[in-house]
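Chemist: mmCIF, C-alpha atoms, file protein05.cif:
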```cif
data_final
loop_
_atom_site.group_PDB
_atom_site.id
_atom_site.type_symbol
_atom_site.label_atom_id
_atom_site.label_comp_id
_atom_site.auth_asym_id
_atom_site.auth_seq_id
_atom_site.Cartn_x
_atom_site.Cartn_y
_atom_site.Cartn_z
ATOM 1 C CA MET A 818 0.000 0.000 0.000
ATOM 2 C CA ARG A 819 1.343 3.404 -0.883
ATOM 3 C CA THR A 820 2.606 5.696 1.850
ATOM 4 C CA PHE A 821 -0.069 8.321 1.402
ATOM 5 C CA GLU A 822 -2.796 5.654 1.255
ATOM 6 C CA ARG A 823 -1.656 4.262 4.615
ATOM 7 C CA THR A 824 -1.479 7.756 6.051
ATOM 8 C CA ILE A 825 -4.946 8.736 4.877
ATOM 9 C CA PHE A 826 -6.423 5.446 6.050
ATOM 10 C CA ALA A 827 -4.974 5.980 9.525
ATOM 11 C CA PHE A 828 -6.155 9.574 9.500
ATOM 12 C CA VAL A 829 -9.718 8.622 8.602
ATOM 13 C CA LEU A 830 -9.835 5.912 11.260
ATOM 14 C CA GLY A 831 -8.530 8.349 13.845
ATOM 15 C CA ALA A 832 -10.841 11.197 12.983
ATOM 16 C CA ILE A 833 -13.267 12.265 15.685
ATOM 17 C CA PRO A 834 -16.685 13.892 15.326
ATOM 18 C CA VAL A 835 -16.959 17.648 15.704
ATOM 19 C CA ALA A 836 -18.253 18.089 19.198
ATOM 20 C CA GLY A 837 -16.287 21.113 20.318
ATOM 21 C CA PRO A 838 -15.959 24.662 19.017
ATOM 22 C CA GLY A 839 -15.443 25.285 15.344
ATOM 23 C CA PHE A 840 -17.020 27.771 12.935
ATOM 24 C CA GLY A 841 -20.629 28.752 13.133
ATOM 25 C CA PHE A 842 -22.826 28.440 10.061
ATOM 26 C CA ASP A 843 -22.377 32.180 9.433
ATOM 27 C CA GLY A 844 -18.626 31.756 9.065
ATOM 28 C CA ALA A 845 -17.822 33.634 12.251
ATOM 29 C CA PRO A 846 -14.844 32.162 14.155
ATOM 30 C CA VAL A 847 -15.606 30.371 17.389
ATOM 31 C CA ASN A 848 -12.247 28.671 17.758
ATOM 32 C CA PRO A 849 -9.123 29.441 15.681
ATOM 33 C CA GLN A 850 -8.142 25.769 15.411
ATOM 34 C CA ASP A 851 -9.370 23.813 12.395
ATOM 35 C CA ALA A 852 -11.788 21.097 13.458
ATOM 36 C CA THR A 853 -11.044 17.496 12.547
ATOM 37 C CA ILE A 854 -14.124 16.188 10.777
ATOM 38 C CA PRO A 855 -14.655 12.520 9.973
ATOM 39 C CA VAL A 856 -15.188 11.149 6.514
ATOM 40 C CA VAL A 857 -18.779 9.941 6.147
ATOM 41 C CA THR A 858 -20.262 7.772 3.445
ATOM 42 C CA PRO A 859 -23.307 9.319 1.715
ATOM 43 C CA GLN A 860 -22.775 9.738 -2.026
ATOM 44 C CA PRO A 861 -22.315 13.422 -2.927
ATOM 45 C CA GLY A 862 -23.419 15.005 -6.161
ATOM 46 C CA THR A 863 -20.889 15.718 -8.859
ATOM 47 C CA ALA A 864 -18.826 18.791 -8.068
ATOM 48 C CA LYS A 865 -17.575 20.952 -10.907
ATOM 49 C CA ARG A 866 -13.860 20.553 -11.444
ATOM 50 C CA ALA A 867 -12.164 23.829 -10.570
ATOM 51 C CA ALA A 868 -8.808 25.156 -11.646
ATOM 52 C CA LEU A 869 -5.870 23.623 -9.839
ATOM 53 C CA PRO A 870 -4.232 25.665 -7.074
ATOM 54 C CA THR A 871 -1.453 27.905 -8.331
ATOM 55 C CA THR A 872 0.959 27.748 -5.408
ATOM 56 C CA ALA A 873 4.482 27.251 -6.688
ATOM 57 C CA PRO A 874 7.938 28.673 -5.983
ATOM 58 C CA ALA A 875 8.133 32.240 -7.265
ATOM 59 C CA THR A 876 11.227 31.811 -9.404
ATOM 60 C CA THR A 877 12.166 32.308 -13.030
ATOM 61 C CA ALA A 878 10.759 29.430 -15.087
ATOM 62 C CA PRO A 879 13.497 26.797 -15.556
ATOM 63 C CA SER A 880 13.827 24.695 -18.679
ATOM 64 C CA LEU A 881 11.692 21.591 -19.092
ATOM 65 C CA THR A 882 14.809 19.416 -18.971
ATOM 66 C CA SER A 883 16.014 20.887 -15.672
ATOM 67 C CA LEU A 884 12.540 20.517 -14.194
ATOM 68 C CA GLN A 885 12.393 16.887 -15.248
ATOM 69 C CA TYR A 886 15.842 16.273 -13.784
ATOM 70 C CA ALA A 887 14.854 17.854 -10.471
ATOM 71 C CA ALA A 888 11.538 15.985 -10.438
ATOM 72 C CA GLU A 889 13.275 12.647 -10.962
ATOM 73 C CA GLY A 890 15.486 13.554 -8.020
ATOM 74 C CA GLY A 891 12.382 13.898 -5.847
ATOM 75 C CA HIS A 892 12.126 17.687 -5.671
ATOM 76 C CA PRO A 893 8.449 18.426 -4.846
ATOM 77 C CA GLY A 894 8.542 21.939 -6.317
ATOM 78 C CA ALA A 895 9.705 20.598 -9.674
ATOM 79 C CA GLN A 896 7.125 17.816 -9.553
ATOM 80 C CA TRP A 897 4.396 20.369 -8.845
ATOM 81 C CA ARG A 898 5.504 22.645 -11.668
ATOM 82 C CA LEU A 899 5.525 19.754 -14.127
ATOM 83 C CA GLY A 900 2.160 18.517 -12.903
ATOM 84 C CA LYS A 901 0.675 21.979 -13.448
ATOM 85 C CA MET A 902 2.277 22.256 -16.881
ATOM 86 C CA TYR A 903 0.788 18.953 -18.024
ATOM 87 C CA ALA A 904 -2.586 19.738 -16.423
ATOM 88 C CA ASP A 905 -2.775 23.127 -18.181
ATOM 89 C CA GLY A 906 -0.947 22.266 -21.406
ATOM 90 C CA ASP A 907 1.524 25.034 -20.562
ATOM 91 C CA GLY A 908 4.595 24.551 -22.779
ATOM 92 C CA VAL A 909 3.852 20.826 -23.160
ATOM 93 C CA THR A 910 1.076 18.725 -24.661
ATOM 94 C CA GLN A 911 -1.791 18.668 -22.201
ATOM 95 C CA ASP A 912 -1.851 15.299 -20.427
ATOM 96 C CA ASP A 913 -3.985 14.822 -17.316
ATOM 97 C CA LEU A 914 -2.594 11.378 -16.616
ATOM 98 C CA ARG A 915 0.990 12.686 -16.579
ATOM 99 C CA ALA A 916 -0.149 15.493 -14.278
ATOM 100 C CA PHE A 917 -1.889 12.989 -12.010
ATOM 101 C CA GLU A 918 1.305 10.918 -11.807
ATOM 102 C CA TYR A 919 3.423 13.911 -10.784
ATOM 103 C CA PHE A 920 0.912 14.958 -8.124
ATOM 104 C CA SER A 921 0.825 11.358 -6.878
ATOM 105 C CA ARG A 922 4.603 11.336 -6.468
ATOM 106 C CA ILE A 923 4.360 14.347 -4.189
ATOM 107 C CA ALA A 924 1.580 12.769 -2.123
ATOM 108 C CA ASN A 925 3.419 9.439 -1.885
ATOM 109 C CA ALA A 926 6.639 10.979 -0.660
ATOM 110 C CA HIS A 927 5.417 13.850 1.514
ATOM 111 C CA ALA A 928 2.026 12.945 3.038
ATOM 112 C CA GLU A 929 3.510 12.869 6.529
ATOM 113 C CA ASP A 930 5.565 16.058 6.221
ATOM 114 C CA SER A 931 4.938 18.645 8.915
ATOM 115 C CA PRO A 932 2.233 21.205 8.051
ATOM 116 C CA SER A 933 4.879 23.844 8.851
ATOM 117 C CA ALA A 934 7.452 22.399 6.425
ATOM 118 C CA PRO A 935 8.551 24.714 3.568
ATOM 119 C CA GLN A 936 6.937 22.426 0.983
ATOM 120 C CA ALA A 937 3.692 21.918 2.919
ATOM 121 C CA SER A 938 1.576 24.131 0.647
ATOM 122 C CA ILE A 939 2.799 22.223 -2.415
ATOM 123 C CA VAL A 940 1.980 18.897 -0.789
ATOM 124 C CA ALA A 941 -1.483 20.089 0.240
ATOM 125 C CA ASN A 942 -2.163 21.406 -3.260
ATOM 126 C CA ALA A 943 -1.102 18.067 -4.725
ATOM 127 C CA PHE A 944 -3.764 16.353 -2.614
ATOM 128 C CA VAL A 945 -6.319 18.919 -3.813
ATOM 129 C CA ALA A 946 -5.341 18.292 -7.433
ATOM 130 C CA LEU A 947 -5.662 14.527 -6.948
ATOM 131 C CA GLY A 948 -9.055 14.970 -5.318
ATOM 132 C CA ARG A 949 -10.307 16.998 -8.250
ATOM 133 C CA TYR A 950 -9.136 14.352 -10.687
ATOM 134 C CA TYR A 951 -10.952 11.692 -8.668
ATOM 135 C CA LEU A 952 -14.177 13.698 -8.822
ATOM 136 C CA ASN A 953 -14.504 13.201 -12.571
ATOM 137 C CA GLY A 954 -11.882 10.623 -13.441
ATOM 138 C CA ILE A 955 -9.510 10.829 -16.411
ATOM 139 C CA PRO A 956 -10.999 9.455 -19.650
ATOM 140 C CA ASN A 957 -9.364 6.362 -21.121
ATOM 141 C CA SER A 958 -7.150 5.830 -18.083
ATOM 142 C CA LYS A 959 -6.922 3.893 -14.845
ATOM 143 C CA VAL A 960 -8.170 6.935 -12.919
ATOM 144 C CA LYS A 961 -11.922 6.467 -12.567
ATOM 145 C CA ALA A 962 -14.424 8.829 -11.010
ATOM 146 C CA ASP A 963 -14.558 8.065 -7.298
ATOM 147 C CA THR A 964 -16.171 10.660 -5.055
ATOM 148 C CA GLU A 965 -15.250 8.838 -1.860
ATOM 149 C CA ARG A 966 -11.609 8.806 -2.902
ATOM 150 C CA ALA A 967 -11.896 12.496 -3.740
ATOM 151 C CA ARG A 968 -13.376 13.113 -0.313
ATOM 152 C CA GLU A 969 -10.412 11.379 1.323
ATOM 153 C CA MET A 970 -7.943 13.571 -0.590
ATOM 154 C CA PHE A 971 -9.780 16.773 0.320
ATOM 155 C CA SER A 972 -10.324 15.707 3.931
ATOM 156 C CA TYR A 973 -6.639 15.007 4.464
ATOM 157 C CA ALA A 974 -5.468 18.286 2.927
ATOM 158 C CA ALA A 975 -8.198 20.222 4.737
ATOM 159 C CA SER A 976 -7.579 18.789 8.208
ATOM 160 C CA TYR A 977 -3.880 17.917 8.317
ATOM 161 C CA PHE A 978 -2.535 20.801 6.235
ATOM 162 C CA GLY A 979 -5.390 23.266 6.825
ATOM 163 C CA ASN A 980 -5.588 23.970 3.085
ATOM 164 C CA ALA A 981 -8.373 26.435 2.258
ATOM 165 C CA ASP A 982 -9.000 25.101 -1.271
ATOM 166 C CA ALA A 983 -9.409 21.596 0.140
ATOM 167 C CA GLN A 984 -11.766 22.928 2.804
ATOM 168 C CA TYR A 985 -13.904 24.557 0.117
ATOM 169 C CA ASP A 986 -13.960 21.450 -2.080
ATOM 170 C CA LEU A 987 -14.801 19.277 0.920
ATOM 171 C CA ALA A 988 -17.590 21.661 1.921
ATOM 172 C CA ARG A 989 -19.068 21.407 -1.579
ATOM 173 C CA LEU A 990 -19.105 17.616 -1.380
ATOM 174 C CA TYR A 991 -21.022 17.710 1.890
ATOM 175 C CA LEU A 992 -23.377 20.538 0.926
ATOM 176 C CA LYS A 993 -24.168 19.364 -2.604
ATOM 177 C CA THR A 994 -25.143 15.822 -1.615
ATOM 178 C CA PRO A 995 -28.736 15.421 -2.896
ATOM 179 C CA ASP A 996 -29.859 13.631 0.266
ATOM 180 C CA ALA A 997 -27.474 15.398 2.646
ATOM 181 C CA SER A 998 -28.144 14.622 6.278
ATOM 182 C CA ARG A 999 -28.122 17.157 9.081
ATOM 183 C CA ASP A 1000 -24.579 16.100 9.955
ATOM 184 C CA ASP A 1001 -23.462 16.409 6.317
ATOM 185 C CA PHE A 1002 -24.746 19.953 6.241
ATOM 186 C CA ARG A 1003 -23.160 20.803 9.587
ATOM 187 C CA TYR A 1004 -19.775 19.508 8.443
ATOM 188 C CA GLY A 1005 -20.063 21.288 5.113
ATOM 189 C CA ALA A 1006 -21.029 24.602 6.679
ATOM 190 C CA ARG A 1007 -18.126 24.450 9.104
ATOM 191 C CA TRP A 1008 -15.608 23.679 6.365
ATOM 192 C CA LEU A 1009 -17.085 26.491 4.277
ATOM 193 C CA GLY A 1010 -16.710 28.921 7.177
ATOM 194 C CA LEU A 1011 -13.092 27.902 7.713
ATOM 195 C CA ALA A 1012 -12.233 28.386 4.042
ATOM 196 C CA ALA A 1013 -14.029 31.743 3.854
ATOM 197 C CA GLN A 1014 -12.227 33.062 6.915
ATOM 198 C CA LYS A 1015 -8.908 32.116 5.299
ATOM 199 C CA GLY A 1016 -9.745 34.170 2.220
ATOM 200 C CA GLN A 1017 -10.837 31.406 -0.163
ATOM 201 C CA HIS A 1018 -12.983 33.528 -2.450
ATOM 202 C CA GLN A 1019 -15.275 30.837 -3.890
ATOM 203 C CA ALA A 1020 -16.042 29.797 -0.311
ATOM 204 C CA GLN A 1021 -16.798 33.405 0.582
ATOM 205 C CA ALA A 1022 -19.174 33.665 -2.371
ATOM 206 C CA LEU A 1023 -20.993 30.410 -1.617
ATOM 207 C CA LEU A 1024 -21.304 31.240 2.086
ATOM 208 C CA GLY A 1025 -22.522 34.737 1.232
ATOM 209 C CA GLN A 1026 -25.092 33.349 -1.193
ATOM 210 C CA MET A 1027 -26.400 30.892 1.393
ATOM 211 C CA LEU A 1028 -26.587 33.503 4.143
ATOM 212 C CA PHE A 1029 -28.230 36.168 2.003
ATOM 213 C CA ASN A 1030 -30.848 33.782 0.599
ATOM 214 C CA GLY A 1031 -31.415 31.871 3.831
ATOM 215 C CA ASP A 1032 -30.480 28.656 2.041
ATOM 216 C CA ARG A 1033 -30.803 26.119 4.884
ATOM 217 C CA LEU A 1034 -29.430 28.832 7.182
ATOM 218 C CA PRO A 1035 -31.162 31.597 9.122
ATOM 219 C CA PRO A 1036 -30.966 34.558 6.722
ATOM 220 C CA GLN A 1037 -28.271 37.112 7.500
ATOM 221 C CA ARG A 1038 -28.546 39.422 4.530
ATOM 222 C CA ALA A 1039 -25.910 41.969 5.555
ATOM 223 C CA ARG A 1040 -23.308 39.344 6.399
ATOM 224 C CA GLY A 1041 -24.128 37.471 3.220
ATOM 225 C CA LEU A 1042 -23.673 40.633 1.165
ATOM 226 C CA MET A 1043 -20.352 41.266 2.893
ATOM 227 C CA TRP A 1044 -19.005 37.841 1.875
ATOM 228 C CA LEU A 1045 -20.299 38.264 -1.673
ATOM 229 C CA THR A 1046 -18.661 41.682 -1.921
ATOM 230 C CA LEU A 1047 -15.310 40.293 -0.839
ATOM 231 C CA ALA A 1048 -15.541 37.497 -3.395
ATOM 232 C CA ARG A 1049 -16.712 39.785 -6.217
ATOM 233 C CA GLU A 1050 -13.854 42.234 -5.603
ATOM 234 C CA ALA A 1051 -11.291 39.415 -5.633
ATOM 235 C CA LEU A 1052 -12.712 37.493 -8.626
ATOM 236 C CA PRO A 1053 -14.538 40.050 -10.795
ATOM 237 C CA ASP A 1054 -14.472 37.806 -13.883
ATOM 238 C CA GLU A 1055 -16.035 34.731 -12.265
ATOM 239 C CA THR A 1056 -19.563 34.829 -13.678
ATOM 240 C CA TRP A 1057 -21.481 32.990 -10.946
ATOM 241 C CA ILE A 1058 -19.944 35.167 -8.241
ATOM 242 C CA LYS A 1059 -20.653 38.388 -10.131
ATOM 243 C CA GLU A 1060 -24.251 37.339 -10.783
ATOM 244 C CA SER A 1061 -24.837 36.264 -7.166
ATOM 245 C CA TYR A 1062 -23.473 39.581 -5.918
ATOM 246 C CA THR A 1063 -25.572 41.599 -8.389
ATOM 247 C CA ARG A 1064 -28.787 39.830 -7.407
ATOM 248 C CA ALA A 1065 -28.075 40.202 -3.697
ATOM 249 C CA PHE A 1066 -27.147 43.873 -3.970
ATOM 250 C CA ALA A 1067 -30.349 44.594 -5.909
ATOM 251 C CA LYS A 1068 -32.500 42.874 -3.270
ATOM 252 C CA ALA A 1069 -30.673 44.317 -0.255
ATOM 253 C CA SER A 1070 -32.210 47.167 1.701
ATOM 254 C CA ASP A 1071 -30.301 50.361 2.454
ATOM 255 C CA ASP A 1072 -29.790 49.074 5.996
ATOM 256 C CA ASP A 1073 -28.435 45.769 4.673
ATOM 257 C CA ARG A 1074 -25.961 47.607 2.469
ATOM 258 C CA ALA A 1075 -24.835 49.949 5.224
ATOM 259 C CA MET A 1076 -24.330 47.105 7.680
ATOM 260 C CA ALA A 1077 -22.497 45.019 5.070
ATOM 261 C CA LEU A 1078 -20.132 47.953 4.452
ATOM 262 C CA GLN A 1079 -19.467 48.239 8.174
ATOM 263 C CA MET A 1080 -18.768 44.503 8.418
ATOM 264 C CA LEU A 1081 -16.494 44.755 5.388
ATOM 265 C CA GLU A 1082 -14.481 47.541 7.001
ATOM 266 C CA HIS A 1083 -14.071 45.456 10.169
ATOM 267 C CA TRP A 1084 -12.955 42.475 8.082
ATOM 268 C CA VAL A 1085 -10.338 44.485 6.202
ATOM 269 C CA GLN A 1086 -9.070 46.078 9.397
ATOM 270 C CA GLY A 1087 -8.838 42.682 11.072
ATOM 271 C CA ARG A 1088 -6.759 41.313 8.177
ATOM 272 C CA ARG A 1089 -4.346 44.238 8.501
ATOM 273 C CA ASP A 1090 -3.867 43.854 12.276
#
```
Would you mind writing the file out in structure tokens?

Modeler:
Amino acid sequence: MRTFERTIFAFVLGAIPVAGPGFGFDGAPVNPQDATIPVVTPQPGTAKRAALPTTAPATTAPSLTSLQYAAEGGHPGAQWRLGKMYADGDGVTQDDLRAFEYFSRIANAHAEDSPSAPQASIVANAFVALGRYYLNGIPNSKVKADTERAREMFSYAASYFGNADAQYDLARLYLKTPDASRDDFRYGARWLGLAAQKGQHQAQALLGQMLFNGDRLPPQRARGLMWLTLAREALPDETWIKESYTRAFAKASDDDRAMALQMLEHWVQGRRD
């Protein structure tokens, strides 16, 4: 069994239910520590595959040959860069299976690295990339769609590494399950709140949408508009976020807008402190 498979298996077995403080459904922090949430088994709906995380060393692009040499030597940064290149077709022929293999090398070798290690963000993003491939599978390959496997990838990156993209993807799996239970929704809402607080803009938009519309949550229109505003400002070209913000702003009262602006100012000030 591969190293990261053993690690994830042990992690899932050792996970404990969320009984203590975490994040409220409105995304407000109750406890700064990420909650460990167990993997559960209901089948989620299909989540849309998002773009892969972009975290990578901020250096001048090396040649393909030097990247391949470094990757073969086990350098996780080089493996990540090559995985991204093959996933995006950036300078090479697009090849999802090659990308998957590079991301798998990172996960195999570094699953147990400390979350504070210099390469931790790369390792976490590799797990996110693998999870997204498992959501839909890779056509004409050994990688088949497997939402439970995707959930394991996201859960590990979300809990062990505290990765905000993984927390958002995991939240979507819980929240988008057609027959989601009360616990599914509770887990999803908490993961969504964690990701939003960390600045994950899709999470902010989805949380804002749910709060403004009262979608399975007590409506909090001002807070919902605040989250949608943050997401719209950060991702102005993402159509669903722009449309959600526009609809909410049009429906909001003057009081809602004023309160949302006040909340937004507090948020920005808190990020600066």

Chemist: Selected by the PyMOL selection byres ((chain A and resi 937-952) around 6) in the shown coordinates: which residues, as a PyMOL selection string?

Modeler: chain A and resi 866+869+920+932+934-936+953-954+962-964+967+970-971+974+983

Chemist: Tell me, in Å to one decimal, how far CA of Phe1002 (chain A) is from CA of Gly979 (chain A).

Modeler: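 Atom-to-atom, CA of Phe1002 (chain A) and CA of Gly979 (chain A) are spaced 19.6 Å apart.
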
Chemist: Looking at all atoms listed in the file, which of A:Ala1013, A:Val909, A:Ala928, A:Ala1022 is the one that sits closest to Phe978 (chain A)?

Modeler: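 Smallest distance to Phe978 (chain A) is found for A:Ala928.
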
Chemist: Work out how far CA of Ala975 (chain A) is from CA of Glu1082 (chain A), in Å to one decimal.

Modeler: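 Calculated distance between CA of Glu1082 (chain A) and CA of Ala975 (chain A) is 28.1 Å.
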
Chemist: Enter the distance from CA of Arg1033 (chain A) to CA of Leu1047 (chain A), in Å, rounded to one decimal.

Modeler: 21.8 Å

Chemist: For this file, the PyMOL selection byres ((chain A and resi 991) around 8) selects which residues, as a short mmCIF file (atom, residue, chain, number, x, y, z; two decimals) with C-alpha atoms, in the coordinates of the input?

Modeler:
```cif
data_model
loop_
_atom_site.label_atom_id
_atom_site.label_comp_id
_atom_site.auth_asym_id
_atom_site.auth_seq_id
_atom_site.Cartn_x
_atom_site.Cartn_y
_atom_site.Cartn_z
CA PRO A 861 -22.32 13.42 -2.93
CA LEU A 987 -14.80 19.28 0.92
CA ALA A 988 -17.59 21.66 1.92
CA ARG A 989 -19.07 21.41 -1.58
CA LEU A 990 -19.10 17.62 -1.38
CA LEU A 992 -23.38 20.54 0.93
CA LYS A 993 -24.17 19.36 -2.60
CA THR A 994 -25.14 15.82 -1.62
CA ALA A 997 -27.47 15.40 2.65
CA ASP A 1001 -23.46 16.41 6.32
CA PHE A 1002 -24.75 19.95 6.24
CA TYR A 1004 -19.77 19.51 8.44
CA GLY A 1005 -20.06 21.29 5.11
#
```

Chemist: Once the PyMOL selection byres ((chain A and resi 1016) around 10) has been applied to the shown file, what residues remain in the selection, as a list of chain:residue names?

Modeler: A:Ala981, A:Asp982, A:Leu1011, A:Ala1012, A:Ala1013, A:Gln1014, A:Lys1015, A:Gln1017, A:His1018, A:Gln1019, A:Ala1020, A:Gln1021, A:Trp1044, A:Leu1047, A:Ala1048, A:Ala1051, A:Arg1088

Chemist: Here is a test: counting all atoms listed in the file, which residue of A:Lys901, A:Arg968, A:Arg922, A:Arg1040 is nearest to Met1076 (chain A)?

Modeler: A:Arg1040

Chemist: Fewer than 3 positions away in the same chain doesn't count, so skip those; otherwise give me all residues within 9 Å of Arg1003 (chain A), counting only C-alpha atoms, as an MDAnalysis selection string.

Modeler: chainID A and resid 842 991:992 998:1000 1006:1008

Chemist: Here is a test: counting all atoms listed in the file, which residue of A:Leu914, A:Leu1023, A:Leu1081, A:Ala1039 is nearest to Lys1059 (chain A)?

Modeler: A:Leu1023

Chemist: Using only C-alpha atoms, can you list as a ChimeraX atom specification the residues within 12 Å of (7.3, 10.7, -1.3)?

Modeler: /A:819-822,824,888-893,896,919-930,936,940,943
